[in-house]
$ cat target.cif   # mmCIF, C-alpha atoms
data_target
#
loop_
_atom_site.group_PDB
_atom_site.id
_atom_site.type_symbol
_atom_site.label_atom_id
_atom_site.label_comp_id
_atom_site.auth_asym_id
_atom_site.auth_seq_id
_atom_site.Cartn_x
_atom_site.Cartn_y
_atom_site.Cartn_z
ATOM 1 C CA MET N 1 -21.221 161.187 -25.268
ATOM 2 C CA GLY N 2 -18.501 162.973 -27.212
ATOM 3 C CA TYR N 3 -15.845 160.599 -25.822
ATOM 4 C CA TRP N 4 -17.900 157.532 -26.897
ATOM 5 C CA GLN N 5 -18.279 158.834 -30.449
ATOM 6 C CA THR N 6 -14.701 160.019 -30.860
ATOM 7 C CA LYS N 7 -12.754 157.264 -29.062
ATOM 8 C CA VAL N 8 -14.753 154.027 -28.493
ATOM 9 C CA VAL N 9 -16.863 153.738 -31.645
ATOM 10 C CA PRO N 10 -13.919 154.137 -34.078
ATOM 11 C CA ARG N 11 -12.014 151.395 -32.244
ATOM 12 C CA ILE N 12 -14.980 149.000 -32.426
ATOM 13 C CA LYS N 13 -15.404 149.754 -36.146
ATOM 14 C CA LYS N 14 -11.714 149.165 -36.710
ATOM 15 C CA VAL N 15 -11.884 145.748 -34.988
ATOM 16 C CA PHE N 16 -14.927 144.700 -37.023
ATOM 17 C CA GLU N 17 -13.367 145.922 -40.260
ATOM 18 C CA LYS N 18 -10.196 144.062 -39.441
ATOM 19 C CA ASN N 19 -12.136 140.846 -38.710
ATOM 20 C CA SER N 20 -14.204 141.173 -41.885
ATOM 21 C CA ALA N 21 -11.054 141.762 -43.942
ATOM 22 C CA LYS N 22 -9.485 138.744 -42.257
ATOM 23 C CA LYS N 23 -12.512 136.605 -43.039
ATOM 24 C CA THR N 24 -12.492 137.729 -46.652
ATOM 25 C CA ALA N 25 -8.799 136.955 -47.067
ATOM 26 C CA ALA N 26 -9.253 133.566 -45.323
ATOM 27 C CA ALA N 27 -12.166 132.757 -47.656
ATOM 28 C CA GLU N 28 -9.949 133.519 -50.646
ATOM 29 C CA ALA N 29 -7.208 131.266 -49.258
ATOM 30 C CA CYS N 30 -9.744 128.451 -48.768
ATOM 31 C CA LYS N 31 -11.033 128.919 -52.313
ATOM 32 C CA SER N 32 -7.503 128.760 -53.712
ATOM 33 C CA PHE N 33 -6.832 125.636 -51.659
ATOM 34 C CA ASP N 34 -10.022 123.946 -52.923
ATOM 35 C CA GLU N 35 -8.945 124.588 -56.519
ATOM 36 C CA SER N 36 -5.663 122.772 -55.814
ATOM 37 C CA LYS N 37 -7.205 119.818 -53.961
ATOM 38 C CA GLU N 38 -7.121 117.599 -57.028
ATOM 39 C CA ASP N 39 -3.375 118.147 -57.407
ATOM 40 C CA TYR N 40 -2.779 117.481 -53.717
ATOM 41 C CA SER N 41 -4.757 114.238 -53.923
ATOM 42 C CA LYS N 42 -2.779 113.119 -56.969
ATOM 43 C CA VAL N 43 0.561 113.749 -55.216
ATOM 44 C CA PHE N 44 -0.733 111.997 -52.092
ATOM 45 C CA GLU N 45 -1.660 108.847 -54.043
ATOM 46 C CA GLU N 46 1.682 108.803 -55.849
ATOM 47 C CA LYS N 47 3.769 109.177 -52.685
ATOM 48 C CA LYS N 48 1.455 107.523 -50.169
ATOM 49 C CA ALA N 49 3.938 104.789 -49.208
ATOM 50 C CA GLU N 50 6.772 107.314 -49.024
ATOM 51 C CA PHE N 51 4.898 109.501 -46.508
ATOM 52 C CA GLU N 52 3.667 106.635 -44.308
ATOM 53 C CA ALA N 53 6.684 106.236 -42.000
ATOM 54 C CA LYS N 54 7.089 109.994 -41.433
ATOM 55 C CA VAL N 55 3.398 110.651 -40.826
ATOM 56 C CA THR N 56 2.956 107.756 -38.391
ATOM 57 C CA GLU N 57 6.068 108.836 -36.493
ATOM 58 C CA LEU N 58 4.685 112.375 -36.110
ATOM 59 C CA TYR N 59 1.245 111.058 -35.181
ATOM 60 C CA GLU N 60 2.617 108.902 -32.355
ATOM 61 C CA LYS N 61 4.185 111.997 -30.744
ATOM 62 C CA LEU N 62 0.913 113.971 -30.756
ATOM 63 C CA ALA N 63 -1.199 114.609 -27.675
ATOM 64 C CA ALA N 64 -4.377 112.553 -27.294
ATOM 65 C CA GLU N 65 -6.553 115.644 -27.979
ATOM 66 C CA ILE N 66 -4.912 116.255 -31.380
ATOM 67 C CA LYS N 67 -5.177 112.544 -32.273
ATOM 68 C CA ALA N 68 -8.898 112.688 -31.501
ATOM 69 C CA LEU N 69 -9.229 115.865 -33.581
ATOM 70 C CA ILE N 70 -7.543 114.193 -36.573
ATOM 71 C CA LYS N 71 -9.927 111.214 -36.343
ATOM 72 C CA GLU N 72 -13.013 113.407 -35.778
ATOM 73 C CA PRO N 73 -12.378 116.975 -37.006
ATOM 74 C CA LYS N 74 -14.465 119.541 -35.100
ATOM 75 C CA PRO N 75 -14.287 123.369 -35.329
ATOM 76 C CA ALA N 76 -14.477 123.698 -31.523
ATOM 77 C CA GLY N 77 -11.475 121.402 -31.057
ATOM 78 C CA LEU N 78 -9.604 123.255 -33.792
ATOM 79 C CA LYS N 79 -10.130 126.571 -32.017
ATOM 80 C CA LYS N 80 -9.117 125.132 -28.630
ATOM 81 C CA HIS N 81 -5.913 123.459 -29.865
ATOM 82 C CA SER N 82 -4.963 125.843 -32.699
ATOM 83 C CA ALA N 83 -1.331 126.233 -31.538
ATOM 84 C CA ALA N 84 -0.757 122.448 -31.474
ATOM 85 C CA VAL N 85 -2.476 122.115 -34.867
ATOM 86 C CA ASP N 86 -0.196 124.795 -36.370
ATOM 87 C CA LYS N 87 2.861 122.969 -35.039
ATOM 88 C CA PHE N 88 1.681 119.666 -36.531
ATOM 89 C CA LEU N 89 1.015 121.312 -39.910
ATOM 90 C CA GLU N 90 4.474 122.895 -39.813
ATOM 91 C CA GLU N 91 6.086 119.491 -39.224
ATOM 92 C CA LEU N 92 4.070 117.975 -42.064
ATOM 93 C CA SER N 93 5.098 120.781 -44.415
ATOM 94 C CA SER N 94 8.783 120.126 -43.558
ATOM 95 C CA PHE N 95 8.647 117.003 -45.777
ATOM 96 C CA GLU N 96 6.121 118.510 -48.230
ATOM 97 C CA PHE N 97 3.049 116.532 -47.230
ATOM 98 C CA PRO N 98 0.364 117.460 -49.800
ATOM 99 C CA GLY N 99 -1.618 120.548 -48.786
ATOM 100 C CA SER N 100 0.140 120.985 -45.436
ATOM 101 C CA LYS N 101 2.215 124.038 -46.388
ATOM 102 C CA PRO N 102 -0.624 126.271 -47.693
ATOM 103 C CA ALA N 103 -2.848 125.093 -44.806
ATOM 104 C CA TYR N 104 -0.110 125.988 -42.306
ATOM 105 C CA GLU N 105 0.516 129.407 -43.858
ATOM 106 C CA ALA N 106 -3.203 130.239 -43.948
ATOM 107 C CA SER N 107 -3.695 129.032 -40.377
ATOM 108 C CA THR N 108 -0.857 131.122 -38.943
ATOM 109 C CA LYS N 109 -1.932 134.187 -40.952
ATOM 110 C CA TYR N 110 -5.722 134.140 -40.499
ATOM 111 C CA GLY N 111 -6.308 131.719 -37.626
ATOM 112 C CA ALA N 112 -7.113 128.003 -37.700
ATOM 113 C CA THR N 113 -10.869 128.512 -37.324
ATOM 114 C CA TYR N 114 -11.059 130.668 -40.470
ATOM 115 C CA VAL N 115 -9.312 128.075 -42.630
ATOM 116 C CA SER N 116 -10.770 124.877 -41.170
ATOM 117 C CA GLY N 117 -11.477 123.461 -44.662
ATOM 118 C CA PRO N 118 -7.822 123.113 -45.741
ATOM 119 C CA ILE N 119 -6.762 121.894 -42.291
ATOM 120 C CA PHE N 120 -9.461 119.217 -42.194
ATOM 121 C CA TYR N 121 -8.468 118.108 -45.705
ATOM 122 C CA VAL N 122 -4.890 117.510 -44.481
ATOM 123 C CA PHE N 123 -6.262 115.705 -41.395
ATOM 124 C CA GLU N 124 -8.363 113.474 -43.659
ATOM 125 C CA LYS N 125 -5.249 112.381 -45.563
ATOM 126 C CA VAL N 126 -3.312 111.814 -42.333
ATOM 127 C CA SER N 127 -6.175 109.733 -40.899
ATOM 128 C CA THR N 128 -5.802 107.177 -43.720
ATOM 129 C CA TYR N 129 -2.493 106.114 -42.134
ATOM 130 C CA VAL N 130 -4.009 106.181 -38.656
ATOM 131 C CA VAL N 131 -6.852 103.820 -39.622
ATOM 132 C CA VAL N 132 -4.354 101.368 -41.185
ATOM 133 C CA GLU N 133 -2.204 101.380 -38.029
ATOM 134 C CA GLU N 134 -5.215 100.754 -35.757
ATOM 135 C CA LYS N 135 -6.360 97.848 -37.932
ATOM 136 C CA LYS N 136 -2.911 96.265 -37.685
ATOM 137 C CA GLU N 137 -3.021 96.546 -33.884
ATOM 138 C CA GLU N 138 -6.463 94.907 -33.822
ATOM 139 C CA GLU N 139 -5.284 92.047 -36.050
ATOM 140 C CA VAL N 140 -2.388 91.115 -33.739
ATOM 141 C CA PRO N 141 -4.598 89.830 -30.867
ATOM 142 C CA ALA N 142 -6.808 88.071 -33.431
ATOM 143 C CA ALA N 143 -3.799 86.138 -34.712
ATOM 144 C CA GLU N 144 -3.055 84.903 -31.203
ATOM 145 C CA ALA N 145 -6.552 83.450 -30.818
ATOM 146 C CA PRO N 146 -6.087 80.060 -32.664
ATOM 147 C CA PRO N 147 -3.967 78.420 -29.898
ATOM 148 C CA ALA N 148 -6.834 78.974 -27.482
ATOM 149 C CA ALA N 149 -9.172 77.305 -29.965
ATOM 150 C CA THR N 150 -6.935 74.249 -30.184
ATOM 151 C CA THR N 151 -6.924 73.890 -26.403
ATOM 152 C CA THR N 152 -10.708 73.929 -26.417
ATOM 153 C CA GLU N 153 -10.661 71.255 -29.112
ATOM 154 C CA GLU N 154 -8.282 69.153 -27.036
ATOM 155 C CA THR N 155 -10.436 69.477 -23.935
ATOM 156 C CA SER N 156 -13.537 68.635 -25.943
ATOM 157 C CA GLY N 157 -11.684 65.596 -27.316
ATOM 158 C CA THR N 158 -10.839 64.314 -23.843
ATOM 159 C CA GLU N 159 -14.433 64.880 -22.763
ATOM 160 C CA LYS N 160 -15.632 62.790 -25.709
ATOM 161 C CA GLU N 161 -13.238 59.987 -24.743
ATOM 162 C CA LYS N 162 -14.601 60.047 -21.189
ATOM 163 C CA GLU N 163 -18.166 59.901 -22.497
ATOM 164 C CA ILE N 164 -17.307 56.883 -24.689
ATOM 165 C CA ALA N 165 -15.672 55.101 -21.727
ATOM 166 C CA VAL N 166 -18.772 55.733 -19.560
ATOM 167 C CA GLU N 167 -21.064 54.386 -22.298
ATOM 168 C CA GLU N 168 -18.954 51.217 -22.620
ATOM 169 C CA GLU N 169 -19.136 50.675 -18.854
ATOM 170 C CA LYS N 170 -22.902 51.066 -18.981
ATOM 171 C CA LYS N 171 -23.096 48.482 -21.791
ATOM 172 C CA GLU N 172 -20.990 45.999 -19.785
ATOM 173 C CA VAL N 173 -23.190 46.451 -16.697
ATOM 174 C CA ALA N 174 -26.313 45.936 -18.823
ATOM 175 C CA ALA N 175 -24.820 42.764 -20.349
ATOM 176 C CA GLU N 176 -24.045 41.359 -16.884
ATOM 177 C CA ALA N 177 -27.596 42.156 -15.737
ATOM 178 C CA VAL N 178 -29.000 40.233 -18.720
ATOM 179 C CA ALA N 179 -26.706 37.239 -18.025
ATOM 180 C CA GLU N 180 -27.801 36.837 -14.358
ATOM 181 C CA PRO N 181 -31.500 35.956 -15.048
ATOM 182 C CA GLU N 182 -30.354 33.187 -17.458
ATOM 183 C CA LYS N 183 -28.321 31.593 -14.670
ATOM 184 C CA THR N 184 -31.301 31.663 -12.265
ATOM 185 C CA THR N 185 -33.579 30.011 -14.853
ATOM 186 C CA GLU N 186 -31.074 27.189 -15.363
ATOM 187 C CA ALA N 187 -30.858 26.569 -11.615
ATOM 188 C CA ALA N 188 -34.645 26.338 -11.177
ATOM 189 C CA PRO N 189 -35.194 22.658 -12.378
ATOM 190 C CA ALA N 190 -32.753 21.366 -9.750
ATOM 191 C CA GLU N 191 -35.204 22.163 -6.903
ATOM 192 C CA PRO N 192 -37.877 19.349 -7.318
ATOM 193 C CA PRO N 193 -35.666 16.539 -6.029
ATOM 194 C CA LYS N 194 -35.295 18.476 -2.776
ATOM 195 C CA ALA N 195 -39.089 18.544 -2.477
ATOM 196 C CA GLU N 196 -39.202 14.736 -2.728
ATOM 197 C CA GLU N 197 -36.630 14.413 -0.007
ATOM 198 C CA CYS N 198 -38.698 16.612 2.237
ATOM 199 C CA ALA N 199 -41.932 14.566 1.628
ATOM 200 C CA PRO N 200 -43.335 12.859 4.832
ATOM 201 C CA ALA N 201 -42.540 9.147 5.230
ATOM 202 C CA GLU N 202 -45.378 6.611 4.772
ATOM 203 C CA PRO N 203 -47.121 5.578 8.001
ATOM 204 C CA PRO N 204 -46.019 2.166 9.304
ATOM 205 C CA LYS N 205 -48.173 -0.762 8.334
ATOM 206 C CA PRO N 206 -50.058 -2.518 11.160
#
$ encode --input "target.cif" --output "structure tokens"
Amino acid sequence: MGYWQTKVVPRIKKVFEKNSAKKTAAAEACKSFDESKEDYSKVFEEKKAEFEAKVTELYEKLAAEIKALIKEPKPAGLKKHSAAVDKFLEELSSFEFPGSKPAYEASTKYGATYVSGPIFYVFEKVSTYVVVEEKKEEEVPAAEAPPAATTTEETSGTEKEKEIAVEEEKKEVAAEAVAEPEKTTEAAPAEPPKAEECAPAEPPKP
């Protein structure tokens, strides 16, 4: 019992005190970051076009898990991939991407999970470039669609021509059918003389 009280309990207390102090310091860092958000947003809007090429280049090199985390920020994913997130933030801070430097410093000092707010803010700004890039990729196949439409129009045009030709043939056949009865009616009066020829001869007179 004496060993537990003298050795184990103080260590546990020390760990908890350290974690609570860490949480407090991280909360202060997050608060300071939130107060500067407006300034970061202003800089981002002013230099948005300037950052685009660098951010998209960095994004393309990222692992699929980090890309997914940027699109859909989740605390669990942040905890799992904290080392990769720190590296990404460091690269962003190298060209002074708004908010990346304080987020990187807080993350390396207190842990990514304790300063998720600042990190997710940076991810939100990065995702604006990602959404634009994905839209461009979706528009490329859409632009290639019109030629297919023209081929369908051409095929439909040939089908219409065939239908017209068939209808004309039907009309011609119908006209011929109407003409045939007229010929038979004209030939009918020519038959009575044949009947006279076939009439029996008169019996000979005595």
$ residues_around --input "target.cif" --residues "Phe120 (chain N)" --least-positions-apart "5" --cutoff "9 Å" --atoms "all atoms listed in the file" --output "list in words"
Ile70, Pro73, Lys74, Val115 and Lys125 of chain N
$ resolve_selection --input "target.cif" --expression "the PyMOL selection byres ((chain N and resi 118) around 10)" --output "list in words"
Ala29, Cys30, Lys31, Ser32, Phe33, Asp34, Lys37, Gly99, Ser100, Pro102, Ala103, Tyr104, Ala106, Ser107, Ala112, Tyr114, Val115, Ser116, Gly117, Ile119, Phe120, Tyr121, Val122, Phe123 and Glu124 of chain N
$ atom_distance --input "target.cif" --atom1 "CA of Leu58 (chain N)" --atom2 "CA of Leu78 (chain N)"
18.1 Å
$ atom_distance --input "target.cif" --atom1 "CA of Ser36 (chain N)" --atom2 "CA of Ala49 (chain N)"
21.4 Å
$ closest_atom_pairs --input "target.cif" --of "region 22-67 of chain N" --to "region 82-94 of chain N" --cutoff "12 Å" --atoms "all atoms listed in the file" --output "JSON lines"
{"residue": "N:Phe51", "atom": "CA", "partner": "N:Leu92", "partner_atom": "CA", "distance": 9.6}
{"residue": "N:Glu52", "atom": "CA", "partner": "N:Leu92", "partner_atom": "CA", "distance": 11.6}
{"residue": "N:Lys54", "atom": "CA", "partner": "N:Leu92", "partner_atom": "CA", "distance": 8.6}
{"residue": "N:Val55", "atom": "CA", "partner": "N:Leu92", "partner_atom": "CA", "distance": 7.5}
{"residue": "N:Thr56", "atom": "CA", "partner": "N:Leu92", "partner_atom": "CA", "distance": 10.9}
{"residue": "N:Glu57", "atom": "CA", "partner": "N:Leu92", "partner_atom": "CA", "distance": 10.9}
{"residue": "N:Leu58", "atom": "CA", "partner": "N:Glu91", "partner_atom": "CA", "distance": 7.9}
{"residue": "N:Tyr59", "atom": "CA", "partner": "N:Phe88", "partner_atom": "CA", "distance": 8.7}
{"residue": "N:Glu60", "atom": "CA", "partner": "N:Phe88", "partner_atom": "CA", "distance": 11.6}
{"residue": "N:Lys61", "atom": "CA", "partner": "N:Phe88", "partner_atom": "CA", "distance": 9.9}
{"residue": "N:Leu62", "atom": "CA", "partner": "N:Phe88", "partner_atom": "CA", "distance": 8.1}
{"residue": "N:Ala63", "atom": "CA", "partner": "N:Ala84", "partner_atom": "CA", "distance": 8.7}
{"residue": "N:Ala64", "atom": "CA", "partner": "N:Ala84", "partner_atom": "CA", "distance": 11.3}
{"residue": "N:Glu65", "atom": "CA", "partner": "N:Ala84", "partner_atom": "CA", "distance": 9.6}
{"residue": "N:Ile66", "atom": "CA", "partner": "N:Val85", "partner_atom": "CA", "distance": 7.2}
{"residue": "N:Lys67", "atom": "CA", "partner": "N:Val85", "partner_atom": "CA", "distance": 10.3}
$ atom_distance --input "target.cif" --atom1 "CA of Val43 (chain N)" --atom2 "CA of Lys71 (chain N)"
21.7 Å
$ closest_residue --input "target.cif" --among "N:Ala21, N:Ser127, N:Lys101, N:Lys42" --to "Leu69 (chain N)" --atoms "all atoms listed in the file"
N:Ser127
$ closest_residue --input "target.cif" --among "N:Glu45, N:Glu72, N:Glu50, N:Glu28" --to "Phe95 (chain N)" --atoms "only C-alpha atoms"
N:Glu50
$ build_atoms --input "target.cif" --residues "region 93-129 of chain N" --atoms "N, CA and C atoms" --output "PDB file, in the frame of the given file"
ATOM      1  N   SER N  93       4.607 120.006 -43.268  1.00  0.00           N
ATOM      2  CA  SER N  93       5.098 120.781 -44.415  1.00  0.00           C
ATOM      3  C   SER N  93       6.612 120.668 -44.581  1.00  0.00           C
ATOM      4  N   SER N  94       7.319 120.266 -43.487  1.00  0.00           N
ATOM      5  CA  SER N  94       8.783 120.126 -43.558  1.00  0.00           C
ATOM      6  C   SER N  94       9.200 119.039 -44.549  1.00  0.00           C
ATOM      7  N   PHE N  95       8.343 118.019 -44.757  1.00  0.00           N
ATOM      8  CA  PHE N  95       8.647 117.003 -45.777  1.00  0.00           C
ATOM      9  C   PHE N  95       7.617 117.027 -46.919  1.00  0.00           C
ATOM     10  N   GLU N  96       7.002 118.226 -47.089  1.00  0.00           N
ATOM     11  CA  GLU N  96       6.121 118.510 -48.230  1.00  0.00           C
ATOM     12  C   GLU N  96       4.928 117.562 -48.344  1.00  0.00           C
ATOM     13  N   PHE N  97       4.281 117.328 -47.210  1.00  0.00           N
ATOM     14  CA  PHE N  97       3.049 116.532 -47.230  1.00  0.00           C
ATOM     15  C   PHE N  97       1.997 117.341 -47.996  1.00  0.00           C
ATOM     16  N   PRO N  98       1.287 116.721 -48.924  1.00  0.00           N
ATOM     17  CA  PRO N  98       0.364 117.460 -49.800  1.00  0.00           C
ATOM     18  C   PRO N  98      -0.656 118.318 -49.046  1.00  0.00           C
ATOM     19  N   GLY N  99      -0.654 119.621 -49.371  1.00  0.00           N
ATOM     20  CA  GLY N  99      -1.618 120.548 -48.786  1.00  0.00           C
ATOM     21  C   GLY N  99      -1.230 121.117 -47.437  1.00  0.00           C
ATOM     22  N   SER N 100      -0.212 120.557 -46.800  1.00  0.00           N
ATOM     23  CA  SER N 100       0.140 120.985 -45.436  1.00  0.00           C
ATOM     24  C   SER N 100       0.735 122.396 -45.393  1.00  0.00           C
ATOM     25  N   LYS N 101       1.547 122.727 -46.393  1.00  0.00           N
ATOM     26  CA  LYS N 101       2.215 124.038 -46.388  1.00  0.00           C
ATOM     27  C   LYS N 101       1.225 125.195 -46.546  1.00  0.00           C
ATOM     28  N   PRO N 102       0.364 125.185 -47.577  1.00  0.00           N
ATOM     29  CA  PRO N 102      -0.624 126.271 -47.693  1.00  0.00           C
ATOM     30  C   PRO N 102      -1.601 126.312 -46.517  1.00  0.00           C
ATOM     31  N   ALA N 103      -1.950 125.134 -45.974  1.00  0.00           N
ATOM     32  CA  ALA N 103      -2.848 125.093 -44.806  1.00  0.00           C
ATOM     33  C   ALA N 103      -2.171 125.719 -43.593  1.00  0.00           C
ATOM     34  N   TYR N 104      -0.883 125.427 -43.423  1.00  0.00           N
ATOM     35  CA  TYR N 104      -0.110 125.988 -42.306  1.00  0.00           C
ATOM     36  C   TYR N 104       0.024 127.507 -42.436  1.00  0.00           C
ATOM     37  N   GLU N 105       0.348 127.965 -43.627  1.00  0.00           N
ATOM     38  CA  GLU N 105       0.516 129.407 -43.858  1.00  0.00           C
ATOM     39  C   GLU N 105      -0.793 130.162 -43.631  1.00  0.00           C
ATOM     40  N   ALA N 106      -1.890 129.598 -44.128  1.00  0.00           N
ATOM     41  CA  ALA N 106      -3.203 130.239 -43.948  1.00  0.00           C
ATOM     42  C   ALA N 106      -3.623 130.237 -42.485  1.00  0.00           C
ATOM     43  N   SER N 107      -3.324 129.155 -41.780  1.00  0.00           N
ATOM     44  CA  SER N 107      -3.695 129.032 -40.377  1.00  0.00           C
ATOM     45  C   SER N 107      -2.946 130.046 -39.503  1.00  0.00           C
ATOM     46  N   THR N 108      -1.655 130.179 -39.742  1.00  0.00           N
ATOM     47  CA  THR N 108      -0.857 131.122 -38.943  1.00  0.00           C
ATOM     48  C   THR N 108      -1.204 132.584 -39.285  1.00  0.00           C
ATOM     49  N   LYS N 109      -1.636 132.820 -40.509  1.00  0.00           N
ATOM     50  CA  LYS N 109      -1.932 134.187 -40.952  1.00  0.00           C
ATOM     51  C   LYS N 109      -3.334 134.651 -40.556  1.00  0.00           C
ATOM     52  N   TYR N 110      -4.329 133.750 -40.731  1.00  0.00           N
ATOM     53  CA  TYR N 110      -5.722 134.140 -40.499  1.00  0.00           C
ATOM     54  C   TYR N 110      -6.357 133.484 -39.267  1.00  0.00           C
ATOM     55  N   GLY N 111      -5.724 132.453 -38.752  1.00  0.00           N
ATOM     56  CA  GLY N 111      -6.308 131.719 -37.626  1.00  0.00           C
ATOM     57  C   GLY N 111      -6.892 130.397 -38.099  1.00  0.00           C
ATOM     58  N   ALA N 112      -6.695 129.361 -37.302  1.00  0.00           N
ATOM     59  CA  ALA N 112      -7.113 128.003 -37.700  1.00  0.00           C
ATOM     60  C   ALA N 112      -8.614 127.898 -37.964  1.00  0.00           C
ATOM     61  N   THR N 113      -9.414 128.623 -37.172  1.00  0.00           N
ATOM     62  CA  THR N 113     -10.869 128.512 -37.324  1.00  0.00           C
ATOM     63  C   THR N 113     -11.369 129.083 -38.647  1.00  0.00           C
ATOM     64  N   TYR N 114     -10.651 130.055 -39.205  1.00  0.00           N
ATOM     65  CA  TYR N 114     -11.059 130.668 -40.470  1.00  0.00           C
ATOM     66  C   TYR N 114     -10.691 129.813 -41.679  1.00  0.00           C
ATOM     67  N   VAL N 115      -9.740 128.932 -41.507  1.00  0.00           N
ATOM     68  CA  VAL N 115      -9.312 128.075 -42.630  1.00  0.00           C
ATOM     69  C   VAL N 115      -9.443 126.590 -42.245  1.00  0.00           C
ATOM     70  N   SER N 116     -10.543 126.259 -41.634  1.00  0.00           N
ATOM     71  CA  SER N 116     -10.770 124.877 -41.170  1.00  0.00           C
ATOM     72  C   SER N 116     -10.849 123.887 -42.331  1.00  0.00           C
ATOM     73  N   GLY N 117     -11.344 124.339 -43.495  1.00  0.00           N
ATOM     74  CA  GLY N 117     -11.477 123.461 -44.662  1.00  0.00           C
ATOM     75  C   GLY N 117     -10.141 122.842 -45.083  1.00  0.00           C
ATOM     76  N   PRO N 118      -9.130 123.661 -45.373  1.00  0.00           N
ATOM     77  CA  PRO N 118      -7.822 123.113 -45.741  1.00  0.00           C
ATOM     78  C   PRO N 118      -7.194 122.241 -44.652  1.00  0.00           C
ATOM     79  N   ILE N 119      -7.340 122.665 -43.405  1.00  0.00           N
ATOM     80  CA  ILE N 119      -6.762 121.894 -42.291  1.00  0.00           C
ATOM     81  C   ILE N 119      -7.423 120.521 -42.193  1.00  0.00           C
ATOM     82  N   PHE N 120      -8.738 120.490 -42.294  1.00  0.00           N
ATOM     83  CA  PHE N 120      -9.461 119.217 -42.194  1.00  0.00           C
ATOM     84  C   PHE N 120      -9.172 118.310 -43.395  1.00  0.00           C
ATOM     85  N   TYR N 121      -8.869 118.904 -44.532  1.00  0.00           N
ATOM     86  CA  TYR N 121      -8.468 118.108 -45.705  1.00  0.00           C
ATOM     87  C   TYR N 121      -7.151 117.379 -45.398  1.00  0.00           C
ATOM     88  N   VAL N 122      -6.187 118.111 -44.840  1.00  0.00           N
ATOM     89  CA  VAL N 122      -4.890 117.510 -44.481  1.00  0.00           C
ATOM     90  C   VAL N 122      -5.097 116.421 -43.437  1.00  0.00           C
ATOM     91  N   PHE N 123      -5.967 116.688 -42.445  1.00  0.00           N
ATOM     92  CA  PHE N 123      -6.262 115.705 -41.395  1.00  0.00           C
ATOM     93  C   PHE N 123      -6.879 114.438 -41.988  1.00  0.00           C
ATOM     94  N   GLU N 124      -7.716 114.621 -42.998  1.00  0.00           N
ATOM     95  CA  GLU N 124      -8.363 113.474 -43.659  1.00  0.00           C
ATOM     96  C   GLU N 124      -7.321 112.554 -44.290  1.00  0.00           C
ATOM     97  N   LYS N 125      -6.313 113.172 -44.936  1.00  0.00           N
ATOM     98  CA  LYS N 125      -5.249 112.381 -45.563  1.00  0.00           C
ATOM     99  C   LYS N 125      -4.378 111.698 -44.509  1.00  0.00           C
ATOM    100  N   VAL N 126      -4.111 112.390 -43.432  1.00  0.00           N
ATOM    101  CA  VAL N 126      -3.312 111.814 -42.333  1.00  0.00           C
ATOM    102  C   VAL N 126      -4.056 110.641 -41.695  1.00  0.00           C
ATOM    103  N   SER N 127      -5.369 110.775 -41.559  1.00  0.00           N
ATOM    104  CA  SER N 127      -6.175 109.733 -40.899  1.00  0.00           C
ATOM    105  C   SER N 127      -6.171 108.413 -41.654  1.00  0.00           C
ATOM    106  N   THR N 128      -5.867 108.440 -42.967  1.00  0.00           N
ATOM    107  CA  THR N 128      -5.802 107.177 -43.720  1.00  0.00           C
ATOM    108  C   THR N 128      -4.685 106.285 -43.179  1.00  0.00           C
ATOM    109  N   TYR N 129      -3.585 106.881 -42.752  1.00  0.00           N
ATOM    110  CA  TYR N 129      -2.493 106.114 -42.134  1.00  0.00           C
ATOM    111  C   TYR N 129      -2.882 105.646 -40.742  1.00  0.00           C
TER     112      TYR N 129
END
